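K.L.:
Next comes the structure file upload-v3.cif, holding mmCIF, C-alpha atoms and all ligand atoms.
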data_upload
#
loop_
_atom_site.label_atom_id
_atom_site.label_comp_id
_atom_site.auth_asym_id
_atom_site.auth_seq_id
_atom_site.Cartn_x
_atom_site.Cartn_y
_atom_site.Cartn_z
CA MET A 18 14.49 10.92 -37.54
CA HIS A 19 12.10 9.60 -40.16
CA PRO A 20 9.92 6.62 -39.03
CA ALA A 21 11.73 4.29 -41.44
CA GLU A 22 15.07 5.27 -39.91
CA LEU A 23 13.63 4.72 -36.44
CA ASP A 24 12.49 1.26 -37.48
CA ALA A 25 16.02 0.50 -38.64
CA ALA A 26 17.41 1.91 -35.38
CA ALA A 27 14.98 -0.23 -33.34
CA ARG A 28 16.01 -3.36 -35.22
CA ALA A 29 19.65 -2.40 -34.67
CA VAL A 30 19.02 -2.26 -30.90
CA LEU A 31 17.52 -5.75 -30.99
CA SER A 32 20.39 -7.14 -33.00
CA ALA A 33 23.00 -5.44 -30.80
CA ASN A 34 21.36 -7.06 -27.75
CA ASP A 35 21.05 -10.48 -29.43
CA ARG A 36 23.24 -13.02 -27.66
CA GLY A 37 22.35 -15.97 -29.91
CA GLY A 38 18.60 -16.51 -30.16
CA TYR A 39 17.86 -14.57 -27.00
CA THR A 40 18.03 -10.86 -26.29
CA VAL A 41 19.42 -9.15 -23.21
CA PRO A 42 17.34 -6.16 -22.00
CA THR A 43 20.38 -3.91 -22.37
CA GLU A 44 24.14 -4.30 -22.44
CA GLY A 45 25.85 -4.19 -19.02
CA LEU A 46 22.98 -3.47 -16.61
CA TYR A 47 20.99 -6.61 -17.53
CA PRO A 48 23.31 -9.15 -19.20
CA PHE A 49 20.99 -12.23 -19.22
CA GLN A 50 17.57 -13.22 -20.59
CA TRP A 51 14.64 -11.70 -18.66
CA ASN A 52 11.22 -13.34 -18.83
CA TRP A 53 8.69 -10.60 -19.63
CA ASP A 54 11.25 -8.54 -21.54
CA SER A 55 11.65 -11.47 -23.93
CA ALA A 56 7.91 -11.79 -24.48
CA PHE A 57 7.72 -8.13 -25.57
CA VAL A 58 10.87 -8.54 -27.62
CA ALA A 59 9.33 -11.56 -29.39
CA MET A 60 6.42 -9.33 -30.47
CA GLY A 61 8.93 -6.75 -31.74
CA PHE A 62 10.76 -9.39 -33.77
CA ALA A 63 7.45 -10.72 -35.09
CA THR A 64 6.94 -7.45 -36.99
CA PHE A 65 9.76 -8.49 -39.33
CA ASP A 66 11.06 -11.99 -38.47
CA ALA A 67 8.66 -14.64 -37.11
CA ASP A 68 11.38 -17.27 -36.90
CA ARG A 69 13.53 -15.08 -34.64
CA ALA A 70 10.45 -14.22 -32.55
CA LEU A 71 9.80 -17.90 -31.85
CA ARG A 72 13.48 -18.47 -31.15
CA GLU A 73 13.33 -15.82 -28.39
CA LEU A 74 10.53 -17.74 -26.66
CA GLU A 75 12.18 -21.12 -27.22
CA ARG A 76 15.30 -19.90 -25.50
CA LEU A 77 13.23 -18.56 -22.60
CA VAL A 78 11.55 -21.94 -22.25
CA GLU A 79 14.98 -23.60 -21.96
CA GLY A 80 14.87 -22.15 -18.47
CA GLN A 81 11.46 -23.63 -17.58
CA TRP A 82 11.50 -25.78 -14.45
CA ASP A 83 10.02 -29.26 -14.25
CA ASP A 84 7.18 -27.88 -12.10
CA GLY A 85 6.23 -25.47 -14.92
CA MET A 86 7.66 -22.22 -13.58
CA ILE A 87 9.36 -19.98 -16.12
CA PRO A 88 11.98 -18.09 -14.10
CA HIS A 89 12.42 -14.34 -14.24
CA ILE A 90 16.05 -14.66 -15.39
CA VAL A 91 17.76 -17.35 -17.46
CA PHE A 92 21.54 -17.17 -17.05
CA HIS A 93 22.51 -18.69 -20.41
CA ALA A 94 26.10 -17.44 -20.21
CA PRO A 95 28.17 -16.03 -17.35
CA ALA A 96 28.50 -12.26 -16.86
CA ASP A 97 29.80 -10.42 -13.84
CA SER A 98 28.07 -7.07 -14.38
CA TYR A 99 24.88 -8.11 -12.50
CA PHE A 100 24.05 -8.92 -8.88
CA PRO A 101 22.54 -11.31 -7.72
CA GLY A 102 24.01 -13.82 -10.17
CA PRO A 103 23.42 -17.60 -10.39
CA GLU A 104 25.67 -18.41 -7.43
CA VAL A 105 23.42 -16.38 -5.14
CA TRP A 106 20.18 -17.96 -6.39
CA GLY A 107 21.59 -21.47 -6.01
CA THR A 108 18.80 -23.12 -8.02
CA ARG A 109 19.21 -26.54 -9.57
CA HIS A 110 17.84 -26.31 -13.10
CA ARG A 111 19.82 -27.67 -16.10
CA ILE A 112 20.66 -24.09 -17.07
CA PRO A 113 21.24 -21.68 -14.19
CA THR A 114 18.16 -19.54 -13.53
CA SER A 115 16.69 -17.36 -10.82
CA GLY A 116 14.13 -18.99 -8.52
CA ILE A 117 11.15 -16.65 -8.95
CA SER A 118 8.99 -15.73 -11.95
CA GLN A 119 7.79 -12.58 -13.72
CA PRO A 120 4.56 -11.41 -15.41
CA PRO A 121 3.57 -14.19 -17.86
CA VAL A 122 3.30 -12.11 -21.02
CA MET A 123 4.39 -15.12 -23.08
CA GLY A 124 0.83 -16.31 -23.89
CA MET A 125 0.04 -12.86 -25.30
CA ALA A 126 3.26 -12.89 -27.30
CA LEU A 127 2.51 -16.31 -28.68
CA ARG A 128 -0.83 -15.23 -30.09
CA PHE A 129 0.78 -12.14 -31.60
CA VAL A 130 3.58 -14.15 -33.21
CA ALA A 131 1.27 -16.97 -34.35
CA ALA A 132 -0.86 -14.46 -36.27
CA ARG A 133 2.24 -13.47 -38.26
CA ALA A 134 3.94 -16.85 -38.68
CA PRO A 135 3.75 -19.12 -41.74
CA ALA A 136 1.96 -22.49 -41.44
CA ALA A 137 5.27 -24.36 -41.39
CA MET A 138 5.94 -22.90 -37.92
CA ARG A 139 2.83 -24.45 -36.35
CA PRO A 140 4.64 -27.33 -34.63
CA ARG A 141 6.97 -24.86 -32.91
CA ILE A 142 3.99 -22.75 -31.86
CA ALA A 143 2.26 -25.83 -30.45
CA THR A 144 5.30 -26.77 -28.37
CA LEU A 145 5.55 -23.24 -26.99
CA ALA A 146 1.81 -23.10 -26.31
CA HIS A 147 2.05 -26.19 -24.12
CA ALA A 148 5.03 -24.70 -22.29
CA ALA A 149 3.01 -21.55 -21.63
CA ALA A 150 0.07 -23.67 -20.43
CA ARG A 151 2.36 -25.47 -17.97
CA SER A 152 3.56 -22.15 -16.62
CA HIS A 153 -0.05 -20.96 -16.22
CA ALA A 154 -0.82 -24.12 -14.28
CA TRP A 155 2.19 -23.42 -12.08
CA TRP A 156 0.88 -19.92 -11.27
CA ARG A 157 -2.53 -21.34 -10.44
CA ALA A 158 -1.25 -24.14 -8.20
CA ALA A 159 1.79 -22.54 -6.58
CA ARG A 160 0.55 -18.98 -6.23
CA ASP A 161 -3.18 -19.24 -5.71
CA PRO A 162 -3.37 -22.27 -3.45
CA GLU A 163 -6.52 -20.96 -1.77
CA GLY A 164 -8.28 -20.32 -5.09
CA ILE A 165 -9.09 -16.63 -4.59
CA GLY A 166 -8.67 -15.84 -8.30
CA LEU A 167 -5.62 -13.62 -7.87
CA VAL A 168 -2.09 -15.00 -8.04
CA ALA A 169 0.39 -13.95 -5.39
CA VAL A 170 3.96 -12.72 -5.72
CA LEU A 171 6.54 -13.58 -3.09
CA HIS A 172 9.11 -11.01 -4.20
CA PRO A 173 8.70 -7.49 -5.66
CA TRP A 174 10.82 -8.58 -8.64
CA GLU A 175 8.08 -11.03 -9.66
CA THR A 176 5.76 -8.15 -10.50
CA GLY A 177 8.21 -6.58 -12.95
CA SER A 178 7.68 -3.31 -11.03
CA ASP A 179 10.52 -3.85 -8.61
CA ASN A 180 10.62 -0.59 -6.71
CA SER A 181 6.95 0.38 -6.82
CA PRO A 182 5.52 2.25 -3.80
CA ALA A 183 2.89 -0.50 -3.75
CA TRP A 184 5.44 -2.65 -1.89
CA ASP A 185 6.65 -0.06 0.62
CA ALA A 186 4.52 -1.14 3.57
CA ALA A 187 4.91 -4.88 2.96
CA LEU A 188 8.63 -4.57 2.31
CA ALA A 189 9.16 -2.50 5.46
CA ARG A 190 8.26 -5.64 7.46
CA VAL A 191 10.98 -7.65 5.71
CA PRO A 192 14.20 -7.73 7.75
CA GLN A 193 17.33 -6.20 6.27
CA ASP A 194 19.77 -8.86 7.41
CA THR A 195 21.11 -11.19 4.73
CA THR A 196 23.22 -14.33 4.65
CA THR A 197 24.52 -13.21 1.24
CA PRO A 198 26.89 -10.25 1.08
CA VAL A 199 25.14 -7.55 -0.98
CA ARG A 200 27.29 -6.35 -3.86
CA ARG A 201 25.19 -4.04 -5.97
CA ARG A 202 26.26 -3.67 -9.58
CA ASP A 203 23.31 -1.65 -10.90
CA THR A 204 24.52 1.65 -9.45
CA GLY A 205 27.77 1.25 -11.40
CA HIS A 206 25.72 1.49 -14.62
CA VAL A 207 22.98 3.98 -13.72
CA ASP A 208 22.74 7.00 -11.39
CA ALA A 209 21.86 5.79 -7.85
CA ALA A 210 19.09 8.43 -7.69
CA MET A 211 17.17 6.44 -10.31
CA ARG A 212 17.56 3.08 -8.54
CA PRO A 213 16.18 1.42 -5.38
CA ARG A 214 17.65 2.40 -2.00
CA ASP A 215 20.30 0.21 -0.32
CA GLU A 216 18.00 -0.83 2.51
CA ASP A 217 15.43 -2.08 -0.01
CA TYR A 218 18.14 -3.98 -1.81
CA ARG A 219 19.02 -5.75 1.44
CA ARG A 220 15.36 -6.71 1.83
CA TYR A 221 15.25 -8.08 -1.71
CA ILE A 222 18.22 -10.26 -0.86
CA HIS A 223 16.75 -11.27 2.51
CA LEU A 224 13.75 -12.66 0.61
CA LEU A 225 16.03 -14.47 -1.82
CA ASP A 226 17.98 -16.02 1.09
CA THR A 227 14.69 -17.13 2.67
CA TYR A 228 13.45 -18.90 -0.45
CA ARG A 229 16.83 -20.49 -1.19
CA ALA A 230 16.72 -21.89 2.36
CA ALA A 231 13.23 -23.25 1.53
CA GLY A 232 14.85 -25.19 -1.32
CA TRP A 233 12.86 -23.25 -3.97
CA GLN A 234 9.89 -25.54 -3.25
CA PRO A 235 6.63 -23.64 -3.86
CA ALA A 236 4.81 -24.89 -0.75
CA ALA A 237 7.79 -24.27 1.54
CA MET A 238 8.36 -20.83 0.01
CA TRP A 239 4.69 -19.97 0.51
CA ARG A 240 4.90 -20.91 4.20
CA ALA A 241 8.18 -19.06 4.77
CA ALA A 242 7.24 -15.93 2.82
CA PRO A 243 7.33 -12.70 4.85
CA PHE A 244 6.14 -10.96 1.64
CA ARG A 245 3.04 -12.37 -0.05
CA ILE A 246 0.83 -10.20 -2.21
CA ALA A 247 -2.19 -11.21 -4.28
CA GLU A 248 -1.29 -8.91 -7.11
CA VAL A 249 -3.50 -7.38 -9.80
CA GLN A 250 -0.84 -6.61 -12.43
CA VAL A 251 0.43 -10.19 -12.66
CA SER A 252 -3.09 -11.60 -12.33
CA ALA A 253 -4.41 -9.36 -15.13
CA ILE A 254 -1.55 -10.34 -17.41
CA LEU A 255 -2.06 -14.02 -16.59
CA CYS A 256 -5.79 -13.71 -17.25
CA ARG A 257 -5.18 -12.05 -20.63
CA ALA A 258 -2.43 -14.55 -21.46
CA ALA A 259 -4.85 -17.41 -20.74
CA GLN A 260 -7.45 -15.81 -23.03
CA ASP A 261 -4.88 -15.38 -25.80
CA LEU A 262 -3.50 -18.86 -25.31
CA SER A 263 -7.00 -20.33 -25.61
CA SER A 264 -7.25 -18.68 -29.07
CA VAL A 265 -3.88 -20.14 -30.02
CA PHE A 266 -5.07 -23.63 -29.01
CA ASP A 267 -8.32 -23.10 -30.93
CA GLU A 268 -6.28 -22.27 -34.04
CA LEU A 269 -4.12 -25.32 -33.46
CA GLY A 270 -7.22 -27.51 -33.25
CA GLU A 271 -6.74 -28.43 -29.57
CA PRO A 272 -10.16 -27.70 -28.00
CA GLY A 273 -9.40 -29.40 -24.67
CA ALA A 274 -6.31 -27.27 -24.08
CA ALA A 275 -8.23 -24.17 -25.19
CA ALA A 276 -11.04 -24.91 -22.73
CA ALA A 277 -8.56 -25.28 -19.85
CA GLN A 278 -7.20 -21.80 -20.59
CA ARG A 279 -10.69 -20.34 -20.77
CA ALA A 280 -11.51 -21.88 -17.38
CA LEU A 281 -8.38 -20.36 -15.88
CA ALA A 282 -9.22 -16.97 -17.42
CA THR A 283 -12.73 -17.10 -15.96
CA HIS A 284 -11.39 -17.95 -12.50
CA LEU A 285 -8.98 -15.00 -12.64
CA ALA A 286 -11.59 -12.65 -14.07
CA HIS A 287 -13.71 -13.29 -10.95
CA GLY A 288 -10.73 -12.55 -8.72
CA LEU A 289 -9.96 -9.33 -10.59
CA ASP A 290 -13.56 -8.27 -10.55
CA ALA A 291 -13.61 -8.58 -6.76
CA ALA A 292 -10.48 -6.39 -6.54
CA TRP A 293 -12.35 -3.33 -7.91
CA ARG A 294 -12.62 -0.47 -5.40
CA PRO A 295 -15.24 2.09 -6.46
CA ALA A 296 -13.97 4.70 -4.02
CA LEU A 297 -10.54 4.59 -5.70
CA SER A 298 -11.74 4.10 -9.30
CA ARG A 299 -9.23 1.29 -9.76
CA PHE A 300 -8.38 -2.29 -8.82
CA VAL A 301 -6.21 -3.09 -5.80
CA SER A 302 -3.77 -5.80 -4.79
CA ARG A 303 -4.04 -7.44 -1.40
CA ASP A 304 -1.30 -7.90 1.17
CA LEU A 305 -1.96 -11.47 2.32
CA VAL A 306 0.40 -11.23 5.30
CA ALA A 307 -1.25 -8.13 6.77
CA GLY A 308 -4.70 -9.03 5.45
CA GLU A 309 -5.10 -5.55 3.95
CA ASP A 310 -5.72 -3.86 0.62
CA ILE A 311 -2.72 -2.09 -0.88
CA ALA A 312 -4.04 1.40 -1.38
CA ALA A 313 -0.88 3.02 -2.83
CA PRO A 314 -1.75 4.27 -6.31
CA THR A 315 0.28 2.61 -9.07
CA GLN A 316 -0.24 1.66 -12.72
CA ALA A 317 -1.08 -1.88 -11.61
CA GLY A 318 -4.58 -0.70 -10.64
CA PHE A 319 -5.49 -0.17 -14.29
CA LEU A 320 -3.91 -3.29 -15.78
CA PRO A 321 -7.11 -5.36 -15.40
CA LEU A 322 -8.44 -3.47 -18.44
CA LEU A 323 -6.27 -5.85 -20.40
CA ALA A 324 -8.36 -8.83 -19.40
CA LEU A 325 -11.83 -7.56 -18.45
CA ASP A 326 -14.67 -5.95 -20.37
CA LEU A 327 -15.66 -3.20 -17.95
CA ASP A 328 -19.23 -2.00 -17.68
CA ALA A 329 -19.83 1.64 -18.63
CA PRO A 330 -19.72 3.16 -15.10
CA ARG A 331 -16.39 1.46 -14.29
CA ARG A 332 -14.96 2.32 -17.69
CA LYS A 333 -15.83 5.99 -17.23
CA ALA A 334 -14.44 6.02 -13.71
CA VAL A 335 -11.17 4.44 -14.85
CA LEU A 336 -10.77 6.89 -17.72
CA ALA A 337 -11.40 9.88 -15.47
CA GLU A 338 -8.90 8.56 -12.92
CA MET A 339 -6.24 7.93 -15.56
CA ARG A 340 -6.73 11.48 -16.85
CA ARG A 341 -6.33 12.84 -13.32
CA TRP A 342 -3.00 10.99 -12.97
CA SER A 343 -1.74 12.35 -16.28
CA ALA A 344 -2.54 16.01 -15.52
CA GLY A 345 0.68 17.99 -15.94
CA CYS A 346 2.49 15.10 -17.63
CA VAL A 347 3.86 15.36 -21.16
CA LEU A 348 3.52 11.66 -21.72
CA GLY A 349 2.20 8.41 -20.50
CA LEU A 350 0.44 7.16 -17.54
CA PRO A 351 2.96 7.82 -14.75
CA THR A 352 3.60 4.64 -12.73
CA THR A 353 2.79 6.67 -9.60
CA PRO A 354 0.67 9.84 -9.93
CA PRO A 355 2.42 13.19 -9.42
CA TYR A 356 -0.05 14.20 -6.69
CA HIS A 357 1.08 11.34 -4.43
CA PRO A 358 3.90 11.82 -1.86
CA ALA A 359 5.75 8.71 -3.17
CA PHE A 360 5.99 10.22 -6.67
CA ASP A 361 9.51 10.61 -8.01
CA ALA A 362 9.73 11.49 -11.70
CA LYS A 363 13.07 9.76 -12.15
CA ARG A 364 13.22 6.87 -9.73
CA TYR A 365 12.54 3.39 -10.93
CA TRP A 366 8.80 2.51 -10.91
CA ARG A 367 7.91 5.45 -8.65
CA GLY A 368 6.69 7.78 -11.38
CA PRO A 369 8.51 7.19 -14.68
CA VAL A 370 6.72 6.06 -17.81
CA TRP A 371 7.53 2.61 -19.18
CA ALA A 372 6.81 1.90 -22.82
CA VAL A 373 5.67 -1.65 -22.10
CA VAL A 374 3.23 -0.53 -19.40
CA ASP A 375 1.64 2.00 -21.74
CA TRP A 376 1.58 -0.69 -24.43
CA LEU A 377 -0.46 -2.98 -22.14
CA LEU A 378 -2.70 -0.15 -20.98
CA ALA A 379 -3.37 0.93 -24.56
CA GLU A 380 -4.26 -2.63 -25.42
CA GLY A 381 -6.65 -2.67 -22.46
CA LEU A 382 -8.22 0.63 -23.46
CA ARG A 383 -8.73 -0.61 -27.03
CA ARG A 384 -10.31 -3.80 -25.77
CA ASN A 385 -12.72 -1.65 -23.81
CA GLY A 386 -13.67 0.43 -26.85
CA GLU A 387 -11.50 3.40 -25.92
CA ALA A 388 -9.28 3.62 -29.01
CA GLU A 389 -8.95 7.37 -28.73
CA ALA A 390 -7.65 7.22 -25.17
CA ALA A 391 -5.26 4.47 -26.28
CA GLN A 392 -3.92 6.66 -29.05
CA ALA A 393 -3.58 9.59 -26.64
CA LEU A 394 -1.29 7.41 -24.55
CA ILE A 395 0.77 6.02 -27.40
CA ALA A 396 1.36 9.07 -29.63
CA PRO A 397 3.37 11.05 -27.03
CA LEU A 398 5.25 7.88 -26.06
CA LEU A 399 6.35 7.33 -29.65
CA ALA A 400 7.31 11.00 -29.89
CA ALA A 401 9.44 10.68 -26.74
CA ILE A 402 11.17 7.58 -28.11
CA ALA A 403 11.81 9.37 -31.41
CA ARG A 404 13.30 12.31 -29.53
CA ALA A 405 15.20 10.65 -26.68
CA GLY A 406 16.01 7.16 -28.03
CA PHE A 407 15.15 3.64 -26.91
CA ASP A 408 15.69 4.36 -23.22
CA GLU A 409 14.62 2.13 -20.34
CA TYR A 410 11.98 4.59 -19.13
CA PHE A 411 10.96 8.25 -19.36
CA ASP A 412 10.35 11.20 -17.05
CA PRO A 413 6.59 11.87 -17.30
CA LEU A 414 7.00 15.60 -16.61
CA THR A 415 9.73 16.35 -19.17
CA GLY A 416 9.87 13.36 -21.54
CA GLU A 417 13.57 12.90 -20.75
CA GLY A 418 14.90 9.37 -21.38
CA LEU A 419 16.23 7.63 -18.24
CA GLY A 420 17.88 4.46 -16.93
CA GLY A 421 19.64 2.08 -19.32
CA ARG A 422 20.08 3.10 -22.96
CA ARG A 423 19.35 1.06 -26.12
CA PHE A 424 16.77 -1.03 -24.35
CA SER A 425 15.32 -4.04 -26.13
CA TRP A 426 11.73 -3.74 -24.95
CA THR A 427 11.56 -0.05 -25.79
CA ALA A 428 12.76 -0.92 -29.31
CA ALA A 429 10.13 -3.68 -29.49
CA ALA A 430 7.46 -1.24 -28.27
CA TRP A 431 8.43 1.14 -31.07
CA LEU A 432 8.20 -1.60 -33.71
CA VAL A 433 4.78 -2.78 -32.57
CA LEU A 434 3.13 0.48 -31.52
CA SER A 435 4.29 2.62 -34.44
CA ARG A 436 2.64 0.06 -36.73
CA ASP A 437 -0.63 0.12 -34.73
CA GLY A 438 -0.70 3.89 -35.20
CA ALA A 439 0.02 3.58 -38.91
CA ALA A 440 -2.80 1.05 -39.27
CA GLU A 441 -5.22 3.38 -37.50
CA ARG A 442 -4.19 6.36 -39.63
CA ALA A 443 -4.54 4.30 -42.79
CA GLU A 444 -8.11 3.52 -41.79
CA THR A 445 -9.00 7.20 -41.33
CA PRO A 446 -11.35 8.20 -44.17
CA ALA A 447 -9.85 11.72 -44.29
CA ALA A 448 -6.83 10.22 -46.05
CA ALA A 449 -9.00 9.27 -49.07
C1 LIG B 501 14.11 -4.30 -14.02
C2 LIG B 501 12.63 -4.10 -14.20
C3 LIG B 501 12.00 -5.38 -14.71
C4 LIG B 501 12.72 -5.81 -15.98
C5 LIG B 501 14.24 -5.88 -15.80
C6 LIG B 501 14.97 -6.06 -17.11
O1 LIG B 501 14.40 -5.25 -13.06
O2 LIG B 501 12.02 -3.69 -13.02
O3 LIG B 501 10.64 -5.22 -14.97
O4 LIG B 501 12.25 -7.04 -16.42
O5 LIG B 501 14.68 -4.67 -15.24
O6 LIG B 501 14.62 -5.08 -18.03
#
Take the structure in the file and write it out as structure tokens.

P.N.:
Amino acid sequence: MHPAELDAAARAVLSANDRGGYTVPTEGLYPFQWNWDSAFVAMGFATFDADRALRELERLVEGQWDDGMIPHIVFHAPADSYFPGPEVWGTRHRIPTSGISQPPVMGMALRFVAARAPAAMRPRIATLAHAAARSHAWWRAARDPEGIGLVAVLHPWETGSDNSPAWDAALARVPQDTTTPVRRRDTGHVDAAMRPRDEDYRRYIHLLDTYRAAGWQPAAMWRAAPFRIAEVQVSAILCRAAQDLSSVFDELGEPGAAAAQRALATHLAHGLDAAWRPALSRFVSRDLVAGEDIAAPTQAGFLPLLALDLDAPRRKAVLAEMRRWSAGCVLGLPTTPPYHPAFDAKRYWRGPVWAVVDWLLAEGLRRNGEAEAAQALIAPLLAAIARAGFDEYFDPLTGEGLGGRRFSWTAAAWLVLSRDGAAERAETPAAA
């Protein structure tokens, strides 16, 4: 397909998944609004429709709790193709939502959209910026109560990387008994070999039962949590989102709000900096229950590039390590490297390539002056999307598209990243 046709196809995916101002990740498998998906989707919309981009974020914020948390799912309308639905979460917001959060990409999205929105949209941007600031404050207060500079997740789903081997050891300590009957729906949509195992699903629901019993109160959840991880992927995204949000507030002429975001970003940058492990050439999360580093290699270890300006020795070490992971792969940074025993080219977050992860990594590489490495990550990803379609994720060894089809964030990634590439090519003097 020609790039213009692919653009049209990407927009068609977004409009097919539009449920009235918000976008479902994909039909069937994920029939509600997901938090970080919507932030990426907003950036996709912003390439051709700033109004619709802001609408996506406004609908997400309808789910924001009074304490500032933006939940990982907003159940705007009923659907029975997903488990666990609103009746299992049992939260008490005006609109039914889940009770946990997801990587706060929204601040990044807001800066991206604001740069492409006409002046008349400023009041809407200001309202959203304050909503994002409240959610950042929630992360800081509820999830970093000891002030270590990394925010903690209480459920693997909060990281966005649900089934990552990074959680194996911590999750193994979570009991499998549940007070909620487990009725999986995902394996009715997608091959079970690509999805989490049943025993892990029971642990996910055990955690949910535990937090529901704690009344979804942050302090009670923190105390009850058998799974508590100071996590570098979410912390890096929050740090970058705070940096981006401070620019948005600067543009809006709100210096006090901008300074608060810069202070948060500085606090998190210290935490991330301390999570660097020279022997591993990457950053590591910390299991706060066991009091141990999480050594399992996953993409999360490189996400701090998004928020930090690395010194030359670290930058070189990271690049060499990323290259080592990609050896033998036809695309992407695999979410787990092929040399590791946990690697599975097709199973959810245990190897496959995710367009949005490579998008964030490329952004981090560019920030660190590594535009060529960024392009080396993105070009094969775009080629795989052009060949396979807007699939949920891709096999790093073959480029095969996997998981759900016609996925919103993959379409958004195409719209944003294919333009970045075009901009870079247009700047190449050889074209003159
Ligand atoms: C899966 C992914 C998560 C994503 C959701 C909807 O749960 O692990 O990151 O937000 O699907 O696409």

K.L.:
Which residues, protein or nucleic acid, reach to within 8 Å of (9.6, -11.2, -29.1) in the file's coordinates when using all atoms listed in the file, and can you give that as a ChimeraX atom specification?

P.N.:
/A:55-63,69-71,73-74,126,130,429

K.L.:
Write out as a VMD selection string each polymer residue (protein, DNA or RNA) that has an atom no more than 6 Å from ligand LIG 501 (chain B), with all atoms listed in the file counted.

P.N.:
chain A and resid 42 51 53 to 54 177 to 179

K.L.:
Pick the closest to Arg72 of chain A from A:Pro113, A:Pro140, A:Gly102, A:Gly37: which is it, counting only C-alpha atoms?

P.N.:
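Of all the options, A:Gly37 lies closest to Arg72 of chain A.
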
K.L.:
Taking 3 positions as the minimum chain separation for residues in the same chain, which residues sit within 9 Å of segment 203-208 of chain A when counting all atoms listed in the file? Answer as a JSON list (two decimals) with C-alpha atoms, in the coordinates of the input.

P.N.:
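Output (part_36.json):
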[["chain", "number", "residue", "atom", "x", "y", "z"],
["A", 45, "GLY", "CA", 25.85, -4.19, -19.02],
["A", 46, "LEU", "CA", 22.98, -3.47, -16.61],
["A", 47, "TYR", "CA", 20.99, -6.61, -17.53],
["A", 98, "SER", "CA", 28.07, -7.07, -14.38],
["A", 99, "TYR", "CA", 24.88, -8.11, -12.50],
["A", 100, "PHE", "CA", 24.05, -8.92, -8.88],
["A", 211, "MET", "CA", 17.17, 6.44, -10.31],
["A", 212, "ARG", "CA", 17.56, 3.08, -8.54],
["A", 419, "LEU", "CA", 16.23, 7.63, -18.24],
["A", 420, "GLY", "CA", 17.88, 4.46, -16.93],
["A", 421, "GLY", "CA", 19.64, 2.08, -19.32]]

K.L.:
Give me the residues near Ala292 of chain A as number ranges by chain, where near means some atom within 12 Å (using all atoms listed in the file) and where sequence neighbours in that chain fewer than 3 positions away do not count.

P.N.:
A: 165-167, 247-250, 252-253, 285-289, 295-303, 309-312, 317-321

K.L.:
Have a look at atom CA of Leu336 of chain A and atom CA of Pro397 of chain A and let me know their distance in Å, one decimal.

P.N.:
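These two atoms are separated by 17.4 Å.
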
K.L.:
Up to 10 Å from (-17.0, -2.9, -20.6) in the file's coordinates: name the residues, counting only C-alpha atoms, as an NGL selection string.

P.N.:
:A and (322 or 325-333 or 382 or 384-387)

K.L.:
So, counting all atoms listed in the file, which residue among A:Glu338, A:Asp194, A:Glu380, A:Asp408 is closest to Val30 of chain A?

P.N.:
A:Asp408

K.L.:
Hey, what's within 9 Å of Ala359 of chain A if we count all atoms listed in the file and toss same-chain stuff fewer than 6 positions away? As JSON, numbers by chain, please?

P.N.:
{"A": [182, 313, 353, 367, 368]}
